[in-house]
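This report refers to the structure that appears directly beneath it.
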Amino acid sequence: MADATFEEGREAPLNLGAQEEEDLKVISALVQDSVFPVTEMRWQASRHRFALLINRFRWEDRAAAEKRARAYERVQSLLVVDNVLGVASQGVDRSDKDLVLSLLSLSFEPGEDGAGHLVLTLAGDGAIRLSVEAIDVSLRDVTRPYTAPSGKAPDHGDD
């Protein structure tokens, strides 16, 4: 993927998959501080698929943005989890169509035979808990990067 570029020479969009916990940690780091309207969350029970259309900060581009003194970027990405048997949430009011959620991390709680729970931790003590047969997660950018509205990276107070 290193050779693929947009016409203007920027990096190609991300297209990653995770079937192990270590790979899931990479995707978790890349989706940290993503935001999404509650209306962009879908569980397709018949396909055993859960999908989110997220607006994620381009963490993979942070060093280049700092080096070139340019604004930080965001991109819309599709986060898909397959082999989902059930979905539960806490602290998420699905009836509030204006609600925007902030994704903090993804983690896996193993069960038996590779099954377990994939947990999407949200800001404000919310969580989405997916019962899964196995880790099967993909992250794919679906738009070109654009300047983050603030032009800044999310601040975690660790400077």
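All residue names refer to the structure tokens as shown: chains lettered A, B, ... in order, residues numbered from 1 in each chain, ligands numbered from 1 in order.
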
Contact residues around Glu20 (chain A) with only C-alpha atoms at 9 Å, ignoring same-chain residues under 5 positions, as number ranges by chain: A: 25, 134-136

In Å, how far is it from CA of Met41 (chain A) to CA of Glu112 (chain A)? 27.2 Å

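The residues of chain A that DSSP classifies as alpha helix (DSSP H), using the backbone of this structure, are Glu21, Glu22, Asp23, Leu24, Lys25, Val26, Ile27, Ser28, Ala29, Leu30, Val31, Arg62, Ala63, Ala64, Ala65, Glu66 and Lys67 of chain A.
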
Could those selected residues go to a file with all heavy atoms, as a short mmCIF file (atom, residue, chain, number, x, y, z; two decimals), in the first residue's frame?
data_model
loop_
_atom_site.label_atom_id
_atom_site.label_comp_id
_atom_site.auth_asym_id
_atom_site.auth_seq_id
_atom_site.Cartn_x
_atom_site.Cartn_y
_atom_site.Cartn_z
N GLU A 21 -5.91 -10.01 18.50
CA GLU A 21 -5.93 -8.89 19.43
C GLU A 21 -4.87 -7.84 19.13
O GLU A 21 -5.13 -6.64 19.27
CB GLU A 21 -5.78 -9.40 20.87
CG GLU A 21 -7.06 -10.03 21.40
CD GLU A 21 -6.99 -10.39 22.86
OE1 GLU A 21 -6.98 -9.46 23.70
OE2 GLU A 21 -6.91 -11.60 23.16
N GLU A 22 -3.68 -8.24 18.73
CA GLU A 22 -2.62 -7.27 18.42
C GLU A 22 -3.02 -6.37 17.26
O GLU A 22 -2.77 -5.16 17.30
CB GLU A 22 -1.29 -7.98 18.12
CG GLU A 22 -0.64 -8.58 19.35
CD GLU A 22 -0.40 -7.58 20.47
OE1 GLU A 22 0.16 -6.50 20.20
OE2 GLU A 22 -0.80 -7.87 21.62
N ASP A 23 -3.63 -6.93 16.23
CA ASP A 23 -4.09 -6.12 15.10
C ASP A 23 -5.24 -5.20 15.52
O ASP A 23 -5.35 -4.07 15.06
CB ASP A 23 -4.56 -7.01 13.95
CG ASP A 23 -3.43 -7.83 13.36
OD1 ASP A 23 -2.26 -7.40 13.42
OD2 ASP A 23 -3.72 -8.92 12.82
N LEU A 24 -6.08 -5.68 16.42
CA LEU A 24 -7.19 -4.87 16.92
C LEU A 24 -6.65 -3.64 17.65
O LEU A 24 -7.23 -2.56 17.57
CB LEU A 24 -8.09 -5.70 17.84
CG LEU A 24 -9.34 -4.98 18.36
CD1 LEU A 24 -10.27 -4.62 17.20
CD2 LEU A 24 -10.05 -5.86 19.37
N LYS A 25 -5.53 -3.79 18.35
CA LYS A 25 -4.93 -2.65 19.06
C LYS A 25 -4.49 -1.57 18.08
O LYS A 25 -4.60 -0.37 18.38
CB LYS A 25 -3.74 -3.12 19.90
CG LYS A 25 -4.16 -3.93 21.11
CD LYS A 25 -2.95 -4.43 21.87
CE LYS A 25 -3.38 -5.34 23.01
NZ LYS A 25 -2.21 -5.89 23.73
N VAL A 26 -4.02 -1.95 16.91
CA VAL A 26 -3.62 -0.97 15.89
C VAL A 26 -4.86 -0.20 15.42
O VAL A 26 -4.85 1.03 15.35
CB VAL A 26 -2.91 -1.65 14.70
CG1 VAL A 26 -2.70 -0.68 13.55
CG2 VAL A 26 -1.59 -2.27 15.14
N ILE A 27 -5.92 -0.92 15.11
CA ILE A 27 -7.15 -0.26 14.67
C ILE A 27 -7.71 0.61 15.79
O ILE A 27 -8.14 1.74 15.55
CB ILE A 27 -8.18 -1.29 14.16
CG1 ILE A 27 -7.68 -1.89 12.83
CG2 ILE A 27 -9.56 -0.65 14.00
CD1 ILE A 27 -8.57 -2.95 12.24
N SER A 28 -7.65 0.14 17.03
CA SER A 28 -8.13 0.93 18.16
C SER A 28 -7.38 2.26 18.26
O SER A 28 -7.99 3.31 18.47
CB SER A 28 -7.97 0.14 19.46
OG SER A 28 -8.42 0.92 20.56
N ALA A 29 -6.08 2.23 18.07
CA ALA A 29 -5.28 3.46 18.12
C ALA A 29 -5.68 4.42 17.01
O ALA A 29 -5.72 5.64 17.21
CB ALA A 29 -3.80 3.14 18.03
N LEU A 30 -6.01 3.89 15.85
CA LEU A 30 -6.36 4.74 14.70
C LEU A 30 -7.76 5.34 14.81
O LEU A 30 -8.04 6.39 14.22
CB LEU A 30 -6.22 3.96 13.40
CG LEU A 30 -4.78 3.62 13.00
CD1 LEU A 30 -4.77 2.60 11.87
CD2 LEU A 30 -4.02 4.88 12.62
N VAL A 31 -8.66 4.69 15.53
CA VAL A 31 -10.02 5.20 15.66
C VAL A 31 -10.23 6.02 16.92
O VAL A 31 -11.30 6.58 17.13
CB VAL A 31 -11.09 4.09 15.55
CG1 VAL A 31 -11.01 3.38 14.22
CG2 VAL A 31 -11.03 3.13 16.71
N ARG A 62 -0.16 12.46 11.79
CA ARG A 62 0.15 13.52 12.76
C ARG A 62 1.59 13.99 12.65
O ARG A 62 1.85 15.20 12.60
CB ARG A 62 -0.15 13.05 14.17
CG ARG A 62 0.08 14.13 15.19
CD ARG A 62 -0.27 13.69 16.58
NE ARG A 62 -0.07 14.81 17.49
CZ ARG A 62 -0.36 14.75 18.76
NH1 ARG A 62 -0.90 13.66 19.26
NH2 ARG A 62 -0.15 15.79 19.53
N ALA A 63 2.55 13.08 12.60
CA ALA A 63 3.97 13.48 12.54
C ALA A 63 4.27 14.28 11.27
O ALA A 63 4.97 15.29 11.31
CB ALA A 63 4.87 12.26 12.62
N ALA A 64 3.72 13.85 10.14
CA ALA A 64 3.95 14.57 8.88
C ALA A 64 3.33 15.96 8.93
O ALA A 64 3.92 16.93 8.44
CB ALA A 64 3.39 13.78 7.71
N ALA A 65 2.15 16.07 9.53
CA ALA A 65 1.50 17.38 9.65
C ALA A 65 2.34 18.32 10.51
O ALA A 65 2.52 19.49 10.18
CB ALA A 65 0.10 17.23 10.22
N GLU A 66 2.88 17.79 11.61
CA GLU A 66 3.71 18.61 12.48
C GLU A 66 5.00 19.00 11.77
O GLU A 66 5.43 20.16 11.85
CB GLU A 66 4.01 17.86 13.78
CG GLU A 66 2.79 17.75 14.66
CD GLU A 66 2.99 16.85 15.86
OE1 GLU A 66 4.06 16.21 16.00
OE2 GLU A 66 2.05 16.77 16.68
N LYS A 67 5.61 18.07 11.06
CA LYS A 67 6.87 18.34 10.37
C LYS A 67 6.69 19.41 9.29
O LYS A 67 7.54 20.27 9.11
CB LYS A 67 7.40 17.05 9.74
CG LYS A 67 8.74 17.19 9.06
CD LYS A 67 9.22 15.85 8.52
CE LYS A 67 10.55 16.01 7.82
NZ LYS A 67 11.02 14.74 7.28
#

Name all residues at most 6 Å from region 54-61 of chain A (count only C-alpha atoms; drop same-chain ones fewer than 5 positions away) and give them as a PyMOL selection string. chain A and resi 30-31+34-36+73-77

Limited to all heavy atoms, could you put the picked residues into a file as a PDB file, in the first residue's frame?
ATOM      1  N   LEU A  30      -6.006   3.889  15.846  1.00  0.00           N
ATOM      2  CA  LEU A  30      -6.361   4.741  14.705  1.00  0.00           C
ATOM      3  C   LEU A  30      -7.764   5.341  14.806  1.00  0.00           C
ATOM      4  O   LEU A  30      -8.038   6.387  14.218  1.00  0.00           O
ATOM      5  CB  LEU A  30      -6.223   3.959  13.397  1.00  0.00           C
ATOM      6  CG  LEU A  30      -4.784   3.619  13.004  1.00  0.00           C
ATOM      7  CD1 LEU A  30      -4.773   2.604  11.871  1.00  0.00           C
ATOM      8  CD2 LEU A  30      -4.019   4.880  12.622  1.00  0.00           C
ATOM      9  N   VAL A  31      -8.655   4.685  15.534  1.00  0.00           N
ATOM     10  CA  VAL A  31     -10.022   5.202  15.656  1.00  0.00           C
ATOM     11  C   VAL A  31     -10.228   6.019  16.924  1.00  0.00           C
ATOM     12  O   VAL A  31     -11.303   6.581  17.129  1.00  0.00           O
ATOM     13  CB  VAL A  31     -11.095   4.092  15.552  1.00  0.00           C
ATOM     14  CG1 VAL A  31     -11.007   3.384  14.217  1.00  0.00           C
ATOM     15  CG2 VAL A  31     -11.027   3.126  16.715  1.00  0.00           C
ATOM     16  N   SER A  34     -12.513   9.256  17.364  1.00  0.00           N
ATOM     17  CA  SER A  34     -13.466   9.329  16.260  1.00  0.00           C
ATOM     18  C   SER A  34     -14.815   9.761  16.803  1.00  0.00           C
ATOM     19  O   SER A  34     -15.156   9.488  17.953  1.00  0.00           O
ATOM     20  CB  SER A  34     -13.620   7.970  15.587  1.00  0.00           C
ATOM     21  OG  SER A  34     -12.436   7.600  14.944  1.00  0.00           O
ATOM     22  N   VAL A  35     -15.582  10.433  15.962  1.00  0.00           N
ATOM     23  CA  VAL A  35     -16.941  10.819  16.336  1.00  0.00           C
ATOM     24  C   VAL A  35     -17.908  10.294  15.274  1.00  0.00           C
ATOM     25  O   VAL A  35     -17.523  10.115  14.115  1.00  0.00           O
ATOM     26  CB  VAL A  35     -17.083  12.351  16.498  1.00  0.00           C
ATOM     27  CG1 VAL A  35     -16.286  12.834  17.696  1.00  0.00           C
ATOM     28  CG2 VAL A  35     -16.672  13.088  15.246  1.00  0.00           C
ATOM     29  N   PHE A  36     -19.124  10.029  15.709  1.00  0.00           N
ATOM     30  CA  PHE A  36     -20.136   9.567  14.764  1.00  0.00           C
ATOM     31  C   PHE A  36     -21.525   9.835  15.331  1.00  0.00           C
ATOM     32  O   PHE A  36     -21.756   9.717  16.519  1.00  0.00           O
ATOM     33  CB  PHE A  36     -19.971   8.069  14.445  1.00  0.00           C
ATOM     34  CG  PHE A  36     -20.104   7.165  15.637  1.00  0.00           C
ATOM     35  CD1 PHE A  36     -21.312   6.542  15.920  1.00  0.00           C
ATOM     36  CD2 PHE A  36     -19.022   6.907  16.461  1.00  0.00           C
ATOM     37  CE1 PHE A  36     -21.445   5.693  17.018  1.00  0.00           C
ATOM     38  CE2 PHE A  36     -19.139   6.066  17.551  1.00  0.00           C
ATOM     39  CZ  PHE A  36     -20.355   5.459  17.831  1.00  0.00           C
ATOM     40  N   GLU A  73      -5.638  16.562   9.952  1.00  0.00           N
ATOM     41  CA  GLU A  73      -6.725  16.116   9.083  1.00  0.00           C
ATOM     42  C   GLU A  73      -7.612  15.077   9.755  1.00  0.00           C
ATOM     43  O   GLU A  73      -7.190  14.362  10.654  1.00  0.00           O
ATOM     44  CB  GLU A  73      -6.157  15.507   7.797  1.00  0.00           C
ATOM     45  CG  GLU A  73      -5.411  16.499   6.949  1.00  0.00           C
ATOM     46  CD  GLU A  73      -4.786  15.867   5.721  1.00  0.00           C
ATOM     47  OE1 GLU A  73      -4.416  14.674   5.755  1.00  0.00           O
ATOM     48  OE2 GLU A  73      -4.681  16.588   4.714  1.00  0.00           O
ATOM     49  N   ARG A  74      -8.829  15.005   9.239  1.00  0.00           N
ATOM     50  CA  ARG A  74      -9.781  13.962   9.572  1.00  0.00           C
ATOM     51  C   ARG A  74     -10.201  13.296   8.273  1.00  0.00           C
ATOM     52  O   ARG A  74      -9.949  13.817   7.182  1.00  0.00           O
ATOM     53  CB  ARG A  74     -11.008  14.538  10.291  1.00  0.00           C
ATOM     54  CG  ARG A  74     -10.710  14.903  11.737  1.00  0.00           C
ATOM     55  CD  ARG A  74     -12.000  15.123  12.508  1.00  0.00           C
ATOM     56  NE  ARG A  74     -11.748  15.254  13.921  1.00  0.00           N
ATOM     57  CZ  ARG A  74     -11.806  14.245  14.794  1.00  0.00           C
ATOM     58  NH1 ARG A  74     -12.124  13.036  14.388  1.00  0.00           N
ATOM     59  NH2 ARG A  74     -11.587  14.438  16.069  1.00  0.00           N
ATOM     60  N   VAL A  75     -10.844  12.146   8.393  1.00  0.00           N
ATOM     61  CA  VAL A  75     -11.324  11.408   7.232  1.00  0.00           C
ATOM     62  C   VAL A  75     -12.521  10.571   7.684  1.00  0.00           C
ATOM     63  O   VAL A  75     -12.588  10.150   8.846  1.00  0.00           O
ATOM     64  CB  VAL A  75     -10.197  10.512   6.634  1.00  0.00           C
ATOM     65  CG1 VAL A  75      -9.770   9.431   7.605  1.00  0.00           C
ATOM     66  CG2 VAL A  75     -10.591   9.917   5.306  1.00  0.00           C
ATOM     67  N   GLN A  76     -13.472  10.354   6.797  1.00  0.00           N
ATOM     68  CA  GLN A  76     -14.563   9.447   7.133  1.00  0.00           C
ATOM     69  C   GLN A  76     -14.109   8.029   6.820  1.00  0.00           C
ATOM     70  O   GLN A  76     -13.503   7.780   5.769  1.00  0.00           O
ATOM     71  CB  GLN A  76     -15.823   9.776   6.348  1.00  0.00           C
ATOM     72  CG  GLN A  76     -16.555  10.964   6.913  1.00  0.00           C
ATOM     73  CD  GLN A  76     -17.955  11.063   6.375  1.00  0.00           C
ATOM     74  OE1 GLN A  76     -18.213  10.780   5.211  1.00  0.00           O
ATOM     75  NE2 GLN A  76     -18.880  11.471   7.231  1.00  0.00           N
ATOM     76  N   SER A  77     -14.401   7.135   7.749  1.00  0.00           N
ATOM     77  CA  SER A  77     -13.991   5.739   7.615  1.00  0.00           C
ATOM     78  C   SER A  77     -15.149   4.834   7.990  1.00  0.00           C
ATOM     79  O   SER A  77     -16.009   5.202   8.788  1.00  0.00           O
ATOM     80  CB  SER A  77     -12.800   5.442   8.536  1.00  0.00           C
ATOM     81  OG  SER A  77     -11.711   6.273   8.243  1.00  0.00           O
TER      82      SER A  77
END

Using only C-alpha atoms for the distances, tell me which of A:Ser46, A:Ala18, A:Leu103, A:Arg70 is nearest to Ala148 (chain A). A:Arg70

Please return, as a PyMOL selection string, all residues of region 8-141 of chain A that DSSP assigns to strand (DSSP E or B) on the basis of the backbone. chain A and resi 11+15-18+34-37+41-44+49-57+73-82+84-90+100-110+116-122+126-132+137-141

May I have the residues from that selection written out with C-alpha atoms, as a short mmCIF file (atom, residue, chain, number, x, y, z; two decimals), in the first residue's frame?
data_model
loop_
_atom_site.label_atom_id
_atom_site.label_comp_id
_atom_site.auth_asym_id
_atom_site.auth_seq_id
_atom_site.Cartn_x
_atom_site.Cartn_y
_atom_site.Cartn_z
CA GLU A 11 -0.99 8.63 1.23
CA ASN A 15 -7.77 -0.37 4.44
CA LEU A 16 -6.94 -2.56 7.44
CA GLY A 17 -8.21 -5.78 8.93
CA ALA A 18 -7.87 -7.42 12.33
CA SER A 34 -13.47 9.33 16.26
CA VAL A 35 -16.94 10.82 16.34
CA PHE A 36 -20.14 9.57 14.76
CA PRO A 37 -23.84 10.38 14.89
CA MET A 41 -24.54 2.90 13.59
CA ARG A 42 -26.02 -0.26 12.04
CA TRP A 43 -26.40 -3.87 13.11
CA GLN A 44 -27.38 -6.18 10.26
CA ARG A 49 -22.43 -7.49 10.81
CA PHE A 50 -22.12 -4.28 12.82
CA ALA A 51 -20.98 -1.13 11.02
CA LEU A 52 -20.16 2.45 11.94
CA LEU A 53 -19.45 5.37 9.66
CA ILE A 54 -16.98 7.39 11.70
CA ASN A 55 -15.20 10.70 11.34
CA ARG A 56 -11.71 9.85 12.52
CA PHE A 57 -8.62 11.91 13.20
CA GLU A 73 -6.73 16.12 9.08
CA ARG A 74 -9.78 13.96 9.57
CA VAL A 75 -11.32 11.41 7.23
CA GLN A 76 -14.56 9.45 7.13
CA SER A 77 -13.99 5.74 7.61
CA LEU A 78 -16.12 2.63 7.73
CA LEU A 79 -15.54 0.42 10.76
CA VAL A 80 -17.06 -3.03 10.24
CA VAL A 81 -17.25 -5.95 12.65
CA ASP A 82 -18.31 -9.31 11.22
CA VAL A 84 -21.53 -10.52 15.43
CA LEU A 85 -24.09 -12.56 17.36
CA GLY A 86 -25.60 -9.75 19.39
CA VAL A 87 -25.29 -6.06 20.27
CA ALA A 88 -25.90 -4.31 23.59
CA SER A 89 -25.20 -0.74 24.59
CA GLN A 90 -25.06 1.32 27.74
CA VAL A 100 -22.99 12.42 18.43
CA LEU A 101 -20.81 9.81 20.12
CA SER A 102 -17.05 9.86 20.64
CA LEU A 103 -15.21 6.55 20.29
CA LEU A 104 -12.31 6.13 22.70
CA SER A 105 -11.15 2.57 22.07
CA LEU A 106 -11.84 -0.98 20.91
CA SER A 107 -10.99 -3.94 23.09
CA PHE A 108 -11.61 -7.67 23.11
CA GLU A 109 -12.78 -9.72 26.09
CA PRO A 110 -12.10 -13.37 25.19
CA GLY A 116 -16.00 -13.22 23.21
CA HIS A 117 -17.01 -9.58 23.32
CA LEU A 118 -15.70 -6.69 21.31
CA VAL A 119 -16.21 -3.53 23.35
CA LEU A 120 -16.38 -0.05 21.83
CA THR A 121 -15.72 2.32 24.71
CA LEU A 122 -17.36 5.73 24.30
CA GLY A 126 -20.98 4.77 27.26
CA ALA A 127 -20.16 1.47 25.59
CA ILE A 128 -21.29 -0.77 22.77
CA ARG A 129 -20.72 -4.45 23.49
CA LEU A 130 -20.71 -6.86 20.56
CA SER A 131 -20.94 -10.60 21.18
CA VAL A 132 -18.70 -12.08 18.49
CA VAL A 137 -12.78 -6.15 12.19
CA SER A 138 -12.02 -3.92 9.22
CA LEU A 139 -11.32 -0.21 8.91
CA ARG A 140 -11.49 1.47 5.52
CA ASP A 141 -11.28 5.17 4.66
#

Choose the residue, out of A:Ala71, A:His48, A:Asp93, A:Glu133, that has the smallest atom-to-atom separation from Ser150 (chain A); count only C-alpha atoms.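 The closest residue to Ser150 (chain A) is A:Ala71.
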
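Between CA of Ala123 (chain A) and CA of Thr39 (chain A) there is a distance of 17.0 Å.
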
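Remark: for Ala115 (chain A), the closest of the candidate residues A:Asn83, A:Ser95, A:Arg144, A:Val38 is A:Asn83 (distances computed over only C-alpha atoms).
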
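Taking CA of Asp155 (chain A) and CA of Tyr72 (chain A) as endpoints, the distance between them is 12.3 Å.
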